[in-house]
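File shown: protein07.cif (mmCIF, C-alpha atoms).
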```
data_final
loop_
_atom_site.label_atom_id
_atom_site.label_comp_id
_atom_site.auth_asym_id
_atom_site.auth_seq_id
_atom_site.Cartn_x
_atom_site.Cartn_y
_atom_site.Cartn_z
CA MET A 1 -23.74 -37.87 70.04
CA SER A 2 -20.78 -36.79 67.98
CA SER A 3 -19.03 -39.12 65.55
CA PRO A 4 -15.53 -40.34 66.42
CA PHE A 5 -14.51 -39.45 62.89
CA PRO A 6 -13.62 -36.01 61.59
CA SER A 7 -16.14 -34.00 59.63
CA ALA A 8 -15.95 -33.54 55.87
CA GLU A 9 -14.13 -30.26 56.37
CA GLN A 10 -11.59 -31.93 58.64
CA SER A 11 -11.35 -35.25 56.86
CA PRO A 12 -8.32 -36.12 54.77
CA TYR A 13 -10.74 -37.32 52.09
CA GLY A 14 -12.39 -33.93 51.52
CA PRO A 15 -16.13 -33.38 51.02
CA GLU A 16 -17.98 -35.42 48.42
CA HIS A 17 -14.83 -36.80 46.78
CA SER A 18 -14.40 -33.35 45.25
CA GLY A 19 -10.72 -33.78 44.50
CA PRO A 20 -7.32 -34.37 46.03
CA SER A 21 -7.22 -33.68 49.72
CA ALA A 22 -4.86 -31.29 51.35
CA SER A 23 -1.88 -32.94 53.00
CA PRO A 24 0.84 -31.77 55.33
CA SER A 25 3.59 -30.22 53.23
CA HIS A 26 6.32 -31.85 55.33
CA GLN A 27 5.10 -35.38 54.61
CA PRO A 28 6.04 -37.06 51.31
CA MET A 29 3.40 -38.57 49.05
CA VAL A 30 3.12 -42.28 48.22
CA THR A 31 3.27 -42.36 44.43
CA GLY A 32 2.48 -44.98 41.80
CA GLY A 33 -0.68 -46.73 40.66
CA PRO A 34 -3.54 -47.30 43.12
CA VAL A 35 -2.60 -50.92 43.91
CA ALA A 36 1.16 -50.41 44.15
CA ALA A 37 0.79 -47.22 46.20
CA GLY A 38 -1.87 -48.88 48.36
CA ILE A 39 0.42 -51.80 49.15
CA ARG A 40 3.31 -49.58 50.17
CA TRP A 41 1.09 -47.32 52.25
CA ALA A 42 -0.71 -50.22 53.96
CA TRP A 43 2.53 -51.89 55.00
CA SER A 44 4.05 -48.64 56.26
CA ALA A 45 0.85 -47.75 58.13
CA PHE A 46 0.82 -51.16 59.80
CA THR A 47 4.50 -51.42 60.70
CA ARG A 48 4.68 -47.86 62.04
CA ASN A 49 1.63 -48.38 64.26
CA LEU A 50 2.02 -51.99 65.37
CA ALA A 51 0.34 -51.63 68.75
CA ALA A 52 -2.79 -49.97 67.34
CA PHE A 53 -3.32 -52.84 64.88
CA LEU A 54 -1.76 -55.90 66.55
CA VAL A 55 -3.30 -55.65 70.02
CA PRO A 56 -6.92 -55.57 68.74
CA ALA A 57 -6.02 -58.27 66.19
CA LEU A 58 -4.81 -60.61 68.94
CA VAL A 59 -7.89 -59.98 71.08
CA TYR A 60 -10.39 -60.48 68.26
CA GLY A 61 -8.40 -63.44 66.98
CA VAL A 62 -8.62 -65.17 70.36
CA ILE A 63 -12.38 -64.51 70.50
CA MET A 64 -12.82 -66.11 67.06
CA ILE A 65 -10.73 -69.15 68.00
CA VAL A 66 -12.65 -69.66 71.24
CA ALA A 67 -15.97 -69.35 69.38
CA VAL A 68 -14.94 -71.96 66.80
CA ILE A 69 -13.65 -74.38 69.45
CA ALA A 70 -16.84 -73.97 71.48
CA PHE A 71 -18.97 -74.58 68.38
CA VAL A 72 -17.04 -77.74 67.50
CA ILE A 73 -17.28 -79.10 71.06
CA VAL A 74 -21.02 -78.41 71.27
CA SER A 75 -21.58 -79.98 67.85
CA VAL A 76 -19.70 -83.14 68.84
CA VAL A 77 -21.55 -83.41 72.16
CA VAL A 78 -24.93 -82.99 70.46
CA ALA A 79 -24.05 -85.54 67.80
CA MET A 80 -22.89 -88.10 70.38
CA SER A 81 -25.90 -87.60 72.62
CA ALA A 82 -28.48 -87.79 69.83
CA PRO A 83 -30.42 -91.09 69.96
CA SER A 84 -29.50 -93.42 67.13
CA SER A 85 -32.26 -94.99 65.09
CA GLY A 86 -31.74 -97.87 62.76
CA GLY A 87 -34.75 -96.87 60.77
CA MET A 88 -33.39 -93.43 60.16
CA SER A 89 -30.11 -94.50 58.59
CA GLY A 90 -29.29 -93.27 55.13
CA ALA A 91 -29.47 -89.90 53.45
CA GLY A 92 -32.44 -88.81 55.54
CA ALA A 93 -30.42 -89.10 58.76
CA GLU A 94 -27.64 -86.80 57.57
CA PRO A 95 -27.72 -83.28 59.06
CA PRO A 96 -28.23 -80.56 56.47
CA ALA A 97 -25.01 -78.92 55.24
CA PHE A 98 -26.50 -75.51 55.84
CA SER A 99 -27.64 -76.01 59.44
CA VAL A 100 -28.87 -73.69 62.14
CA GLY A 101 -25.58 -74.22 63.94
CA SER A 102 -23.51 -73.14 60.97
CA LEU A 103 -25.72 -70.08 60.57
CA LEU A 104 -25.25 -69.14 64.22
CA ILE A 105 -21.49 -69.44 64.03
CA SER A 106 -21.54 -67.39 60.83
CA VAL A 107 -23.48 -64.65 62.61
CA LEU A 108 -21.08 -64.69 65.55
CA MET A 109 -18.03 -64.57 63.27
CA ALA A 110 -19.61 -61.75 61.27
CA VAL A 111 -20.13 -59.72 64.46
CA VAL A 112 -16.53 -60.17 65.59
CA ALA A 113 -15.20 -59.46 62.10
CA ALA A 114 -17.33 -56.32 61.87
CA LEU A 115 -15.99 -54.98 65.16
CA TRP A 116 -12.42 -55.80 64.16
CA ILE A 117 -12.65 -54.29 60.66
CA SER A 118 -14.31 -51.14 61.99
CA GLY A 119 -11.39 -50.70 64.38
CA ILE A 120 -8.80 -51.24 61.64
CA LEU A 121 -10.45 -48.61 59.45
CA HIS A 122 -10.84 -46.23 62.39
CA ALA A 123 -7.12 -46.43 63.08
CA GLY A 124 -6.41 -46.31 59.35
CA THR A 125 -8.27 -43.04 58.88
CA ALA A 126 -6.17 -41.59 61.69
CA VAL A 127 -3.05 -42.59 59.75
CA LEU A 128 -4.47 -40.92 56.64
CA ALA A 129 -4.95 -37.77 58.70
CA GLY A 130 -1.22 -37.77 59.41
CA ARG A 131 -1.20 -38.91 63.03
CA ARG A 132 -0.50 -42.04 65.06
CA PRO A 133 -3.65 -43.94 66.09
CA THR A 134 -4.12 -45.22 69.63
CA ILE A 135 -4.80 -48.82 70.63
CA LYS A 136 -8.32 -47.76 71.67
CA GLU A 137 -9.01 -46.44 68.17
CA GLY A 138 -7.89 -49.75 66.73
CA PHE A 139 -10.56 -51.66 68.62
CA LEU A 140 -13.74 -50.01 67.40
CA GLY A 141 -15.08 -47.74 64.68
CA ASN A 142 -18.38 -45.95 64.25
CA GLY A 143 -21.75 -47.71 64.28
CA THR A 144 -22.34 -47.46 60.54
CA THR A 145 -19.00 -49.07 59.76
CA ILE A 146 -19.84 -51.93 62.13
CA ALA A 147 -23.26 -52.39 60.53
CA VAL A 148 -21.93 -52.34 56.96
CA SER A 149 -19.05 -54.68 57.86
CA PHE A 150 -21.49 -57.08 59.52
CA VAL A 151 -23.81 -57.20 56.52
CA VAL A 152 -20.94 -57.72 54.07
CA ALA A 153 -19.34 -60.45 56.18
CA LEU A 154 -22.63 -62.26 56.86
CA LEU A 155 -23.82 -62.12 53.24
CA SER A 156 -20.52 -63.52 52.01
CA ALA A 157 -20.50 -66.28 54.64
CA VAL A 158 -24.11 -67.34 54.05
CA LEU A 159 -23.80 -67.34 50.25
CA ASN A 160 -20.57 -69.33 50.41
CA GLN A 161 -22.15 -71.90 52.74
CA LEU A 162 -25.11 -72.19 50.40
CA GLY A 163 -22.63 -72.73 47.59
CA GLN A 164 -21.04 -75.60 49.53
CA GLY A 165 -24.21 -77.22 50.82
CA VAL A 166 -26.95 -76.43 48.30
CA SER A 167 -25.68 -75.42 44.88
CA PHE A 168 -22.44 -74.05 43.46
CA LEU A 169 -24.58 -71.41 41.72
CA PHE A 170 -24.67 -69.49 45.01
CA TYR A 171 -20.98 -68.75 44.55
CA LEU A 172 -21.85 -66.31 41.76
CA PRO A 173 -23.91 -63.90 43.92
CA ALA A 174 -21.23 -64.29 46.63
CA ILE A 175 -18.62 -62.99 44.19
CA VAL A 176 -20.89 -60.20 42.98
CA VAL A 177 -21.59 -59.07 46.56
CA SER A 178 -17.89 -59.12 47.45
CA VAL A 179 -17.00 -57.02 44.41
CA LEU A 180 -19.80 -54.45 44.56
CA LEU A 181 -19.42 -53.91 48.31
CA TYR A 182 -15.63 -53.80 48.19
CA PHE A 183 -15.40 -50.15 49.27
CA ALA A 184 -18.59 -50.09 51.38
CA THR A 185 -16.88 -50.32 54.78
CA VAL A 186 -14.37 -47.64 53.83
CA GLU A 187 -17.18 -45.35 52.70
CA ALA A 188 -18.91 -45.91 56.05
CA ALA A 189 -15.68 -45.25 57.95
CA ARG A 190 -15.32 -41.91 56.23
CA GLY A 191 -18.80 -40.85 57.34
CA ALA A 192 -21.28 -42.14 54.74
CA GLY A 193 -24.65 -43.48 55.90
CA PHE A 194 -25.55 -47.16 55.48
CA GLY A 195 -27.36 -46.82 52.16
CA GLU A 196 -24.93 -44.24 50.86
CA ALA A 197 -21.97 -46.49 51.68
CA ILE A 198 -23.50 -49.35 49.68
CA SER A 199 -24.45 -47.24 46.65
CA SER A 200 -21.18 -45.27 46.66
CA SER A 201 -19.19 -48.49 46.75
CA ALA A 202 -21.10 -49.92 43.78
CA ARG A 203 -20.56 -46.75 41.74
CA LEU A 204 -16.89 -46.54 42.63
CA VAL A 205 -16.32 -50.21 41.78
CA GLY A 206 -18.06 -49.68 38.44
CA LYS A 207 -15.52 -46.99 37.58
CA ASN A 208 -12.52 -49.00 38.80
CA VAL A 209 -13.35 -52.64 38.03
CA GLY A 210 -9.82 -53.52 36.93
CA THR A 211 -8.20 -52.07 40.05
CA VAL A 212 -10.71 -53.80 42.33
CA VAL A 213 -10.29 -57.19 40.65
CA VAL A 214 -6.49 -56.98 40.79
CA THR A 215 -6.59 -55.98 44.46
CA MET A 216 -9.01 -58.78 45.34
CA LEU A 217 -6.95 -61.40 43.48
CA LEU A 218 -3.86 -60.18 45.30
CA ALA A 219 -5.66 -60.52 48.63
CA VAL A 220 -6.80 -64.06 47.76
CA ALA A 221 -3.26 -65.02 46.71
CA ILE A 222 -1.85 -63.71 49.99
CA CYS A 223 -4.46 -65.55 52.06
CA LEU A 224 -3.80 -68.82 50.20
CA THR A 225 -0.11 -68.65 51.04
CA LEU A 226 -0.76 -68.46 54.79
CA ILE A 227 0.95 -71.38 56.49
CA LEU A 228 0.21 -70.46 60.10
CA PRO A 229 -3.26 -69.17 61.07
CA ILE A 230 -1.65 -66.78 63.56
CA LEU A 231 -0.34 -64.78 60.60
CA ALA A 232 -3.91 -63.62 60.05
CA VAL A 233 -3.38 -61.02 62.78
CA VAL A 234 -0.97 -59.35 60.36
CA VAL A 235 -2.57 -60.17 57.02
CA ILE A 236 -6.12 -59.02 57.80
CA PRO A 237 -5.16 -55.52 59.05
CA VAL A 238 -2.76 -55.03 56.13
CA LEU A 239 -5.40 -56.11 53.59
CA GLN A 240 -7.98 -53.77 55.11
CA LEU A 241 -5.46 -50.93 55.06
CA LEU A 242 -4.75 -51.80 51.43
CA VAL A 243 -8.44 -51.26 50.59
CA LEU A 244 -8.30 -47.94 52.44
CA GLY A 245 -5.20 -46.86 50.54
CA VAL A 246 -6.57 -47.91 47.16
CA HIS A 247 -9.85 -46.13 47.94
CA GLN A 248 -7.91 -42.96 48.75
CA ARG A 249 -6.20 -43.07 45.36
CA VAL A 250 -9.18 -43.97 43.17
CA THR A 251 -11.21 -41.14 44.71
CA GLY A 252 -8.54 -38.67 43.61
CA ASN A 253 -7.11 -37.95 47.05
CA ALA A 254 -3.46 -37.71 47.99
CA LEU A 255 -1.95 -40.68 49.81
CA VAL A 256 0.42 -39.29 52.43
CA GLU A 257 3.31 -41.30 53.82
CA PRO A 258 2.31 -42.52 57.32
CA ALA A 259 3.82 -40.60 60.22
CA SER A 260 6.82 -42.39 61.71
CA VAL A 261 7.10 -40.46 64.99
#
```
Give the structure from this file in structure tokens form.
Amino acid sequence: MSSPFPSAEQSPYGPEHSGPSASPSHQPMVTGGPVAAGIRWAWSAFTRNLAAFLVPALVYGVIMIVAVIAFVIVSVVVAMSAPSSGGMSGAGAEPPAFSVGSLLISVLMAVVAALWISGILHAGTAVLAGRRPTIKEGFLGNGTTIAVSFVVALLSAVLNQLGQGVSFLFYLPAIVVSVLLYFATVEAARGAGFGEAISSSARLVGKNVGTVVVTMLLAVAICLTLILPILAVVVIPVLQLLVLGVHQRVTGNALVEPASV
């Protein structure tokens, strides 16, 4: 079965990160440092292809909201229907912070997030290739991208929950995982295998620690300023496109201005 992504010869990235990729001569380049250029490219890519990014964002966002509401309702019903026991009052009666229920919802959220992110990167690679992505492309990427996105999302969620419910020391590996796997989904979207995407991301982060840290802090700052949760349908695609744009620059490839028509 053929991959929905272009081959190395066709890809805007070029084979094996061997150098700047060829770009259409009629399209201007996005210049500046990796972060600044990535921000400008990500915003242009998003605003010039609203349907391809917003429609999947709304669908996946609704699925996440429904899943959370269902989880809360089930949790309340179970708690209310559980038999009370006077002899079990105290610390021993408290449910564990890291429960089976929280793990299940984390898995479900990781699956939805993986599908969504794979679609964003699928559409994003089409923008890098100089064309307008379709809504269908924005919904789903290749299997490896989904798998890598799922692992990254689930690891981060589980480690953060362990940090909240067991020991704050779990926050340290959560940060390490987030940093080292920062480019893993992008590597998978451009055709790398599962293991290759993980190892390539770690190597690339090691060579660009400052850029990665600045980009991650920027993403955190943007997320903290969100007033309305609905804005996530804009913020998440733009942040994923930012990673794609930064990756394009730090691998030595040209970042072409997104097509406007």
Legend entry - Atom pair atom CA of Val112 of chain A / atom CA of Arg48 of chain A: separation (Å):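 Between atom CA of Val112 of chain A and atom CA of Arg48 of chain A the gap works out to 24.8 Å.
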Inset, instruction - May I ask which of the residues A:Ser106, A:Ser260, A:Asn253, A:Gln248 is the closest one to Gly38 of chain A, counting only C-alpha atoms? - result: A:Gln248
Legend entry - Nearest residue to Val246 of chain A from the set A:Ile227, A:Val35, A:Ala157, A:Val127 (distances using only C-alpha atoms):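 For Val246 of chain A, the nearest of the given residues is A:Val35.
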Legend entry - Contact residues around Gly33 of chain A with all atoms listed in the file at 10 Å, ignoring same-chain residues under 6 positions, as JSON, numbers by chain: {"A": [39, 211, 246, 249, 250]}
Please produce a file of those selected residues containing C-alpha atoms, as a compact mmCIF listing (two decimals), in the frame of the given file.
```
# COMPACT_ATOMS: atom_id res chain seq x y z
CA ILE A 39 0.42 -51.80 49.15
CA THR A 211 -8.20 -52.07 40.05
CA VAL A 246 -6.57 -47.91 47.16
CA ARG A 249 -6.20 -43.07 45.36
CA VAL A 250 -9.18 -43.97 43.17
```
Run the PyMOL selection byres ((chain A and resi 198) around 12) against the file shown and list the residues it catches, as a short mmCIF file (atom, residue, chain, number, x, y, z; two decimals) with C-alpha atoms, keeping the file's coordinate frame.
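Saved as expr_16.cif:
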```cif
data_model
loop_
_atom_site.label_atom_id
_atom_site.label_comp_id
_atom_site.auth_asym_id
_atom_site.auth_seq_id
_atom_site.Cartn_x
_atom_site.Cartn_y
_atom_site.Cartn_z
CA THR A 144 -22.34 -47.46 60.54
CA THR A 145 -19.00 -49.07 59.76
CA ALA A 147 -23.26 -52.39 60.53
CA VAL A 148 -21.93 -52.34 56.96
CA SER A 149 -19.05 -54.68 57.86
CA VAL A 151 -23.81 -57.20 56.52
CA VAL A 152 -20.94 -57.72 54.07
CA VAL A 177 -21.59 -59.07 46.56
CA SER A 178 -17.89 -59.12 47.45
CA VAL A 179 -17.00 -57.02 44.41
CA LEU A 180 -19.80 -54.45 44.56
CA LEU A 181 -19.42 -53.91 48.31
CA TYR A 182 -15.63 -53.80 48.19
CA PHE A 183 -15.40 -50.15 49.27
CA ALA A 184 -18.59 -50.09 51.38
CA THR A 185 -16.88 -50.32 54.78
CA VAL A 186 -14.37 -47.64 53.83
CA GLU A 187 -17.18 -45.35 52.70
CA ALA A 188 -18.91 -45.91 56.05
CA ALA A 192 -21.28 -42.14 54.74
CA GLY A 193 -24.65 -43.48 55.90
CA PHE A 194 -25.55 -47.16 55.48
CA GLY A 195 -27.36 -46.82 52.16
CA GLU A 196 -24.93 -44.24 50.86
CA ALA A 197 -21.97 -46.49 51.68
CA SER A 199 -24.45 -47.24 46.65
CA SER A 200 -21.18 -45.27 46.66
CA SER A 201 -19.19 -48.49 46.75
CA ALA A 202 -21.10 -49.92 43.78
CA ARG A 203 -20.56 -46.75 41.74
CA LEU A 204 -16.89 -46.54 42.63
CA VAL A 205 -16.32 -50.21 41.78
#
```
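With atom CA of Val30 of chain A on one side and atom CA of Leu115 of chain A on the other, the separation reads 28.5 Å.
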